[in-house]
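Dumped target34.txt below, it's compact mmCIF, C-alpha atoms:
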# COMPACT_ATOMS: atom_id res chain seq x y z
CA MET A 1 62.42 95.29 89.88
CA THR A 2 66.14 96.09 89.84
CA GLY A 3 68.35 93.19 88.87
CA THR A 4 71.75 92.19 90.17
CA VAL A 5 75.06 92.69 88.36
CA HIS A 6 78.04 90.41 88.87
CA LEU A 7 81.52 91.80 88.25
CA THR A 8 85.11 91.49 89.46
CA ILE A 9 86.87 94.27 91.37
CA ASP A 10 90.58 93.94 92.07
CA GLY A 11 90.42 90.20 91.57
CA LYS A 12 87.45 89.61 93.87
CA PRO A 13 83.87 88.83 92.79
CA ALA A 14 81.27 91.48 93.56
CA GLU A 15 77.49 91.57 93.38
CA VAL A 16 75.66 94.90 93.33
CA PRO A 17 72.26 96.19 92.21
CA GLU A 18 71.83 97.20 88.59
CA GLY A 19 72.53 100.91 88.07
CA THR A 20 75.17 101.10 90.80
CA THR A 21 78.18 103.25 89.92
CA LEU A 22 81.66 101.76 89.96
CA ARG A 23 82.56 104.09 92.83
CA ALA A 24 79.67 102.79 94.93
CA ALA A 25 80.44 99.20 93.96
CA CYS A 26 84.05 99.64 95.06
CA GLU A 27 82.94 101.23 98.31
CA ALA A 28 80.66 98.27 98.99
CA GLN A 29 83.75 96.08 98.73
CA GLY A 30 85.67 98.25 101.18
CA ILE A 31 87.69 100.00 98.46
CA GLN A 32 87.80 103.78 98.76
CA VAL A 33 88.14 105.45 95.36
CA PRO A 34 89.66 108.95 95.64
CA THR A 35 87.62 111.85 94.28
CA LEU A 36 87.48 115.63 94.57
CA CYS A 37 84.51 116.63 92.41
CA TRP A 38 82.04 113.96 93.56
CA ALA A 39 79.53 114.71 96.31
CA GLU A 40 76.96 112.37 97.84
CA ASN A 41 74.18 114.93 97.42
CA LEU A 42 74.94 116.02 93.83
CA VAL A 43 74.85 114.43 90.37
CA PRO A 44 78.40 113.34 89.36
CA ALA A 45 80.10 116.12 87.41
CA ASN A 46 82.96 114.06 85.87
CA VAL A 47 85.42 116.92 86.28
CA CYS A 48 88.42 116.04 88.45
CA ARG A 49 89.25 112.63 86.94
CA VAL A 50 90.93 111.53 90.15
CA CYS A 51 88.48 108.62 90.47
CA VAL A 52 89.40 106.87 87.20
CA VAL A 53 89.68 103.08 87.23
CA GLU A 54 90.74 100.54 84.63
CA VAL A 55 88.14 98.30 83.02
CA GLU A 56 89.49 95.39 81.03
CA GLY A 57 88.59 95.77 77.36
CA ALA A 58 88.04 99.51 77.59
CA ARG A 59 90.32 101.77 75.55
CA VAL A 60 90.54 104.49 78.19
CA LEU A 61 90.30 104.74 81.95
CA VAL A 62 86.73 105.41 83.11
CA PRO A 63 85.40 107.72 85.83
CA ALA A 64 84.17 105.54 88.68
CA CYS A 65 81.89 108.25 90.06
CA SER A 66 79.47 108.09 87.11
CA ARG A 67 80.14 104.90 85.13
CA ALA A 68 77.50 102.28 85.92
CA VAL A 69 78.45 98.67 86.48
CA GLU A 70 77.94 96.16 83.68
CA PRO A 71 77.70 92.36 83.85
CA GLY A 72 81.09 90.66 83.67
CA MET A 73 83.13 93.82 84.16
CA VAL A 74 86.69 93.27 85.36
CA VAL A 75 87.80 96.38 87.22
CA HIS A 76 91.22 97.39 88.52
CA THR A 77 91.32 100.30 90.96
CA ASP A 78 95.04 100.32 91.80
CA SER A 79 96.88 99.22 88.67
CA GLU A 80 100.04 100.97 87.49
CA ARG A 81 98.03 102.69 84.76
CA VAL A 82 95.49 104.00 87.29
CA ARG A 83 98.12 105.17 89.75
CA THR A 84 100.07 106.99 87.02
CA SER A 85 96.95 108.75 85.81
CA ARG A 86 95.86 109.81 89.29
CA LYS A 87 99.34 111.06 90.11
CA LEU A 88 99.50 113.19 86.96
CA VAL A 89 96.02 114.62 87.47
CA LEU A 90 96.89 115.59 91.04
CA GLU A 91 100.14 117.19 89.88
CA LEU A 92 98.38 119.21 87.20
CA LEU A 93 95.74 120.35 89.70
CA GLY A 94 98.32 121.25 92.31
CA SER A 95 100.39 123.23 89.81
CA SER A 96 97.48 125.47 88.79
CA VAL A 97 95.28 125.67 91.90
CA ASP A 98 96.09 126.52 95.52
CA MET A 99 95.20 123.22 97.17
CA SER A 100 96.81 124.05 100.51
CA GLN A 101 93.50 123.93 102.39
CA SER A 102 92.16 120.75 100.78
CA GLY A 103 92.80 117.90 103.19
CA ASP A 104 91.67 115.32 100.64
CA PHE A 105 94.09 116.61 98.02
CA GLN A 106 96.99 116.58 100.47
CA ALA A 107 96.22 112.99 101.45
CA TYR A 108 95.88 111.86 97.82
CA ALA A 109 99.11 113.63 96.79
CA LYS A 110 100.98 111.79 99.53
CA ARG A 111 99.34 108.49 98.63
CA TYR A 112 100.35 108.69 94.96
CA GLY A 113 103.63 110.55 95.35
CA ALA A 114 102.38 113.54 93.36
CA ASP A 115 104.83 116.44 93.03
CA PRO A 116 103.16 119.49 91.42
CA ALA A 117 106.43 121.43 91.66
CA ARG A 118 107.95 119.40 88.84
CA PHE A 119 105.81 121.44 86.42
CA GLY A 120 107.52 124.64 87.57
CA PRO A 121 106.26 127.59 89.62
CA ALA A 122 102.61 127.42 90.57
CA ALA A 123 100.33 129.14 88.04
CA THR A 124 97.40 129.95 90.32
CA VAL A 125 94.86 132.71 89.70
CA ALA A 126 96.52 136.01 90.54
CA GLU A 127 93.75 137.88 92.34
CA PRO A 128 93.00 138.68 95.97
CA PRO A 129 90.12 136.98 97.78
CA ARG A 130 86.75 138.62 97.13
CA VAL A 131 85.18 139.97 100.31
CA ASP A 132 81.89 141.59 99.33
CA ASN A 133 79.62 140.39 102.13
CA ALA A 134 79.80 139.56 105.82
CA LEU A 135 79.06 135.84 105.54
CA PHE A 136 81.61 134.17 103.27
CA VAL A 137 84.68 134.83 101.14
CA ARG A 138 85.44 133.77 97.57
CA ASP A 139 89.10 132.91 96.90
CA TYR A 140 89.35 131.90 93.25
CA ALA A 141 93.03 131.04 93.56
CA LYS A 142 91.72 127.90 95.27
CA CYS A 143 89.00 127.13 92.70
CA MET A 144 89.52 123.92 90.71
CA LEU A 145 86.36 124.44 88.63
CA CYS A 146 84.73 121.28 89.94
CA THR A 147 81.36 123.10 89.39
CA LYS A 148 79.84 121.62 92.57
CA CYS A 149 78.97 125.12 93.76
CA VAL A 150 77.08 125.75 90.52
CA GLN A 151 75.15 122.51 90.97
CA ALA A 152 74.27 123.32 94.59
CA CYS A 153 73.12 126.81 93.59
CA GLY A 154 71.02 125.42 90.73
CA GLU A 155 68.28 122.87 90.30
CA GLU A 156 69.96 120.19 92.42
CA ALA A 157 69.48 122.16 95.63
CA GLN A 158 68.72 125.87 95.93
CA ASN A 159 67.36 126.84 92.48
CA SER A 160 68.81 130.35 92.80
CA PHE A 161 71.07 130.09 89.71
CA ALA A 162 73.20 132.95 91.03
CA ILE A 163 76.48 131.53 89.71
CA ALA A 164 77.67 129.69 86.62
CA VAL A 165 80.83 128.91 84.67
CA ALA A 166 81.75 131.97 82.62
CA GLY A 167 84.40 132.15 79.91
CA ARG A 168 86.10 129.35 78.04
CA GLY A 169 89.43 127.58 78.13
CA PHE A 170 91.97 129.31 80.38
CA ASP A 171 89.45 132.10 80.96
CA ALA A 172 86.86 129.75 82.47
CA ARG A 173 85.81 130.81 85.97
CA ILE A 174 82.90 130.72 88.39
CA SER A 175 81.02 133.98 88.17
CA THR A 176 77.83 135.80 89.07
CA GLU A 177 75.79 137.34 86.27
CA TYR A 178 77.80 140.13 84.65
CA GLU A 179 80.46 139.74 87.35
CA VAL A 180 78.39 141.70 89.87
CA SER A 181 79.07 141.36 93.60
CA LEU A 182 77.18 138.68 95.52
CA PRO A 183 74.84 141.15 97.28
CA GLU A 184 73.81 142.48 93.86
CA SER A 185 73.30 139.02 92.36
CA ALA A 186 70.54 136.43 92.71
CA CYS A 187 72.43 134.87 95.65
CA VAL A 188 70.24 134.17 98.69
CA PHE A 189 73.27 133.36 100.88
CA CYS A 190 72.17 129.81 101.70
CA GLY A 191 75.85 128.83 101.68
CA ASN A 192 75.19 125.50 99.99
CA CYS A 193 78.08 126.32 97.66
CA ILE A 194 80.40 126.42 100.69
CA GLY A 195 79.09 123.08 101.88
CA VAL A 196 80.22 121.28 98.73
CA CYS A 197 83.45 123.17 97.93
CA PRO A 198 86.41 120.74 98.21
CA THR A 199 89.21 123.34 98.28
CA ASN A 200 88.01 126.20 100.52
CA ALA A 201 87.66 128.52 97.55
CA LEU A 202 84.38 129.35 99.29
CA VAL A 203 84.82 129.74 103.02
CA PHE A 204 83.03 131.17 106.05
CA THR A 205 84.29 134.66 106.83
CA ARG A 206 85.15 133.66 110.40
CA GLU A 207 87.14 130.64 109.21
CA TYR A 208 88.87 132.75 106.56
CA GLU A 209 89.95 135.31 109.15
CA LEU A 210 91.23 132.66 111.54
CA ARG A 211 93.25 130.97 108.79
CA ARG A 212 94.59 134.32 107.59
CA ASP A 213 95.76 135.19 111.09
CA GLY A 214 97.25 131.75 111.70
CA GLN A 215 94.76 130.92 114.45
CA TRP A 216 92.76 128.13 112.77
CA ASP A 217 93.44 125.01 114.84
CA GLU A 218 91.24 121.95 114.29
CA SER A 219 92.88 120.17 117.22
CA ARG A 220 91.17 122.71 119.49
CA GLN A 221 87.78 122.44 117.81
CA ALA A 222 84.74 120.54 119.00
CA VAL A 223 82.18 119.19 116.53
CA THR A 224 78.58 118.85 117.70
CA ASP A 225 75.34 117.96 115.95
CA THR A 226 72.18 119.81 116.89
CA VAL A 227 68.81 120.72 115.34
CA CYS A 228 68.10 124.13 113.84
CA GLY A 229 65.61 126.05 115.96
CA TYR A 230 64.25 128.43 113.34
CA CYS A 231 61.37 126.39 111.92
CA GLY A 232 59.70 123.00 112.14
CA VAL A 233 61.59 121.28 109.31
CA GLY A 234 64.13 119.86 111.75
CA CYS A 235 67.39 120.35 109.84
CA THR A 236 70.48 118.83 111.46
CA LEU A 237 73.30 121.32 112.01
CA THR A 238 76.91 120.28 112.55
CA LEU A 239 78.62 123.00 114.57
CA ARG A 240 82.40 123.37 114.60
CA VAL A 241 83.45 125.38 117.66
CA GLN A 242 86.84 126.84 118.53
CA ASP A 243 87.51 128.80 121.73
CA ASN A 244 83.80 128.76 122.55
CA THR A 245 83.03 130.43 119.21
CA ILE A 246 81.17 128.88 116.26
CA VAL A 247 83.49 128.93 113.25
CA ARG A 248 81.65 126.74 110.74
CA VAL A 249 78.16 125.26 110.30
CA THR A 250 77.38 122.39 107.93
CA SER A 251 74.86 119.58 107.67
CA PRO A 252 75.49 115.86 107.03
CA SER A 253 75.12 115.03 103.32
CA ASP A 254 73.45 111.73 104.19
CA ASN A 255 70.82 113.40 106.41
CA PRO A 256 67.35 112.56 105.02
CA VAL A 257 66.03 116.04 105.87
CA THR A 258 68.76 118.32 104.53
CA ARG A 259 70.90 116.13 102.28
CA GLY A 260 73.67 118.49 103.34
CA HIS A 261 71.88 121.65 102.24
CA LEU A 262 70.66 124.48 104.48
CA CYS A 263 69.01 127.90 104.22
CA VAL A 264 70.65 131.19 105.19
CA LYS A 265 69.23 131.00 108.74
CA GLY A 266 70.49 127.51 109.43
CA ARG A 267 73.98 128.07 108.01
CA PHE A 268 74.64 131.64 109.12
CA GLY A 269 71.97 132.64 111.66
CA TRP A 270 73.71 131.50 114.81
CA GLY A 271 74.93 134.89 116.04
CA TYR A 272 72.31 134.91 118.78
CA VAL A 273 74.03 131.95 120.42
CA GLU A 274 77.01 134.18 121.21
CA ASP A 275 75.04 137.29 122.15
What do you get writing this file as structure tokens?
Amino acid sequence: MTGTVHLTIDGKPAEVPEGTTLRAACEAQGIQVPTLCWAENLVPANVCRVCVVEVEGARVLVPACSRAVEPGMVVHTDSERVRTSRKLVLELLGSSVDMSQSGDFQAYAKRYGADPARFGPAATVAEPPRVDNALFVRDYAKCMLCTKCVQACGEEAQNSFAIAVAGRGFDARISTEYEVSLPESACVFCGNCIGVCPTNALVFTREYELRRDGQWDESRQAVTDTVCGYCGVGCTLTLRVQDNTIVRVTSPSDNPVTRGHLCVKGRFGWGYVED
């Protein structure tokens, strides 16, 4: 039987089940810890470091997304040390990755007063978006190497293992085997990588084209949940519709059937609706 852990978060006592992460413990107290690489349906990757918090007695700041609570912990989520660290991390990310389409990043940057421009001209990946299939586009200038797409493609969801981190250091990048195009790789086009990408480095072709042409307008979009009609599993689909046209299909990450993941039919097989 799981025990209970008592700790203090931002000066207030908290009581959570043993094994709870600091992020979840903070959320239970109504404290939203910022994060870019964490996803509800994936194992914490500990990559972005935006979620760090201060634990009294610890030498360094700890990642709230993966660090489990311990009895007697005294946690500070908004101390000067935490805010300085988050600000710097956001500035470093923004100076090397095109975060223009990440709503979470924009909100966090405003919250912590992050100014990526103080590091000089942006040093993003200098390559055009990769368009090698009709379903989605890869824009590595927007890739922050959070590795969530690799997790979703691997044993945590699809088990296709079509992509992985290739290279080291500044040459590290998400790649298919031997850099082949997606249609030539092991990709089954489930699109689960798109569903977890926090920066739009992976994006539906229709959304990419609308953004490119300056026609993407979320204020004109309706969001509707429905059930996929292809089989009897009963996956929930969240349809985003603009001008009576489906522009994006996802699934809720807390849905007990899909856990946010879909197959190629559920995520991309909606063309018949518009026929």
Within 9 Å of A:Gly103 using only C-alpha atoms, minus same-chain residues under 5 positions, as a VMD selection string: chain A and resid 108 198 to 199
Exercise: A:Val273 partners within 10 Å, all atoms listed in the file, chain neighbours under 4 positions left out, as a ChimeraX atom specification: /A:245-246,269
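Using all atoms listed in the file for every distance, the candidate list A:Glu179, A:Glu207, A:Asp275, A:Asp78 yields A:Glu179 as the residue closest to A:Ala166.
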Using all atoms listed in the file, find each residue of stretch 77-143 of chain A with at least one atom at most 12 Å away from an atom of stretch 24-45 of chain A; report its shortest atom-to-atom pair and that distance in Å (one decimal), sort the rows by chain and rising residue number, and return the result as JSON lines.
{"residue": "A:Thr77", "atom": "CA", "partner": "A:Val33", "partner_atom": "CA", "distance": 7.5}
{"residue": "A:Asp78", "atom": "CA", "partner": "A:Val33", "partner_atom": "CA", "distance": 9.3}
{"residue": "A:Val82", "atom": "CA", "partner": "A:Val33", "partner_atom": "CA", "distance": 11.0}
{"residue": "A:Arg83", "atom": "CA", "partner": "A:Pro34", "partner_atom": "CA", "distance": 11.0}
{"residue": "A:Arg86", "atom": "CA", "partner": "A:Pro34", "partner_atom": "CA", "distance": 8.9}
{"residue": "A:Lys87", "atom": "CA", "partner": "A:Pro34", "partner_atom": "CA", "distance": 11.3}
{"residue": "A:Val89", "atom": "CA", "partner": "A:Leu36", "partner_atom": "CA", "distance": 11.2}
{"residue": "A:Leu90", "atom": "CA", "partner": "A:Leu36", "partner_atom": "CA", "distance": 10.1}
{"residue": "A:Leu93", "atom": "CA", "partner": "A:Leu36", "partner_atom": "CA", "distance": 10.7}
{"residue": "A:Met99", "atom": "CA", "partner": "A:Leu36", "partner_atom": "CA", "distance": 11.1}
{"residue": "A:Ser102", "atom": "CA", "partner": "A:Leu36", "partner_atom": "CA", "distance": 9.3}
{"residue": "A:Gly103", "atom": "CA", "partner": "A:Leu36", "partner_atom": "CA", "distance": 10.4}
{"residue": "A:Asp104", "atom": "CA", "partner": "A:Leu36", "partner_atom": "CA", "distance": 7.4}
{"residue": "A:Phe105", "atom": "CA", "partner": "A:Leu36", "partner_atom": "CA", "distance": 7.5}
{"residue": "A:Gln106", "atom": "CA", "partner": "A:Leu36", "partner_atom": "CA", "distance": 11.2}
{"residue": "A:Ala107", "atom": "CA", "partner": "A:Pro34", "partner_atom": "CA", "distance": 9.6}
{"residue": "A:Tyr108", "atom": "CA", "partner": "A:Pro34", "partner_atom": "CA", "distance": 7.2}
{"residue": "A:Ala109", "atom": "CA", "partner": "A:Pro34", "partner_atom": "CA", "distance": 10.6}
{"residue": "A:Arg111", "atom": "CA", "partner": "A:Pro34", "partner_atom": "CA", "distance": 10.1}
{"residue": "A:Tyr112", "atom": "CA", "partner": "A:Pro34", "partner_atom": "CA", "distance": 10.7}
{"residue": "A:Cys143", "atom": "CA", "partner": "A:Cys37", "partner_atom": "CA", "distance": 11.4}
Centre, edges in Å (one decimal): axis-aligned box, stretch 120-123 of chain A, 4 Å padding on all six sides, as lines of an AutoDock Vina configuration file:
center_x = 103.9
center_y = 126.9
center_z = 89.1
size_x = 15.2
size_y = 12.5
size_z = 11.0
As an exercise, work out the distance from atom CA of A:Gln158 to atom CA of A:Val196 in Å and give it to one decimal place. 12.7 Å
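The residues that lie within 8 Å of the point (70.0, 131.5, 105.2), counting all atoms listed in the file, are Val188, Phe189, Cys190, Gly191, Leu262, Cys263, Val264, Lys265, Gly266, Arg267, Phe268 and Gly269 of chain A.
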Write the residues you've just listed into a file as a CSV table (one decimal), keeping the file's coordinate frame, and include C-alpha atoms for each of them.
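And here is the file that came out, out_33.csv:
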chain,number,residue,atom,x,y,z
A,188,VAL,CA,70.2,134.2,98.7
A,189,PHE,CA,73.3,133.4,100.9
A,190,CYS,CA,72.2,129.8,101.7
A,191,GLY,CA,75.8,128.8,101.7
A,262,LEU,CA,70.7,124.5,104.5
A,263,CYS,CA,69.0,127.9,104.2
A,264,VAL,CA,70.6,131.2,105.2
A,265,LYS,CA,69.2,131.0,108.7
A,266,GLY,CA,70.5,127.5,109.4
A,267,ARG,CA,74.0,128.1,108.0
A,268,PHE,CA,74.6,131.6,109.1
A,269,GLY,CA,72.0,132.6,111.7
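Of note, atom CA of A:Ala201 and atom CA of A:Pro183 are spaced 18.0 Å apart.
By all atoms listed in the file, and with residues fewer than 6 positions from A:Asn133 along its chain excluded, the set lying at most 9 Å from it is Ser181, Leu182, Pro183 and Thr205 of chain A.
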Take the residues from that selection and write them out as a short mmCIF file (atom, residue, chain, number, x, y, z; two decimals), in the frame of the given file, keeping C-alpha atoms.
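Written output follows (selection-v5.cif):
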data_model
loop_
_atom_site.label_atom_id
_atom_site.label_comp_id
_atom_site.auth_asym_id
_atom_site.auth_seq_id
_atom_site.Cartn_x
_atom_site.Cartn_y
_atom_site.Cartn_z
CA SER A 181 79.07 141.36 93.60
CA LEU A 182 77.18 138.68 95.52
CA PRO A 183 74.84 141.15 97.28
CA THR A 205 84.29 134.66 106.83
#
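Compared by their closest atoms to A:Arg212, and using all atoms listed in the file, the residues A:Asp115, A:Gly72, A:Asp171, A:Val137 rank with A:Val137 nearest.
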Just want the 7 Å neighbourhood of A:Gly260, counted on all atoms listed in the file, with same-chain residues fewer than 4 positions away dropped. Output as a ChimeraX atom specification. /A:41,251-255
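Closest approach to A:Glu184 from the set A:Arg220, A:Tyr208, A:Asp132, A:Arg168 is made by A:Asp132, with distances taken over all atoms listed in the file.
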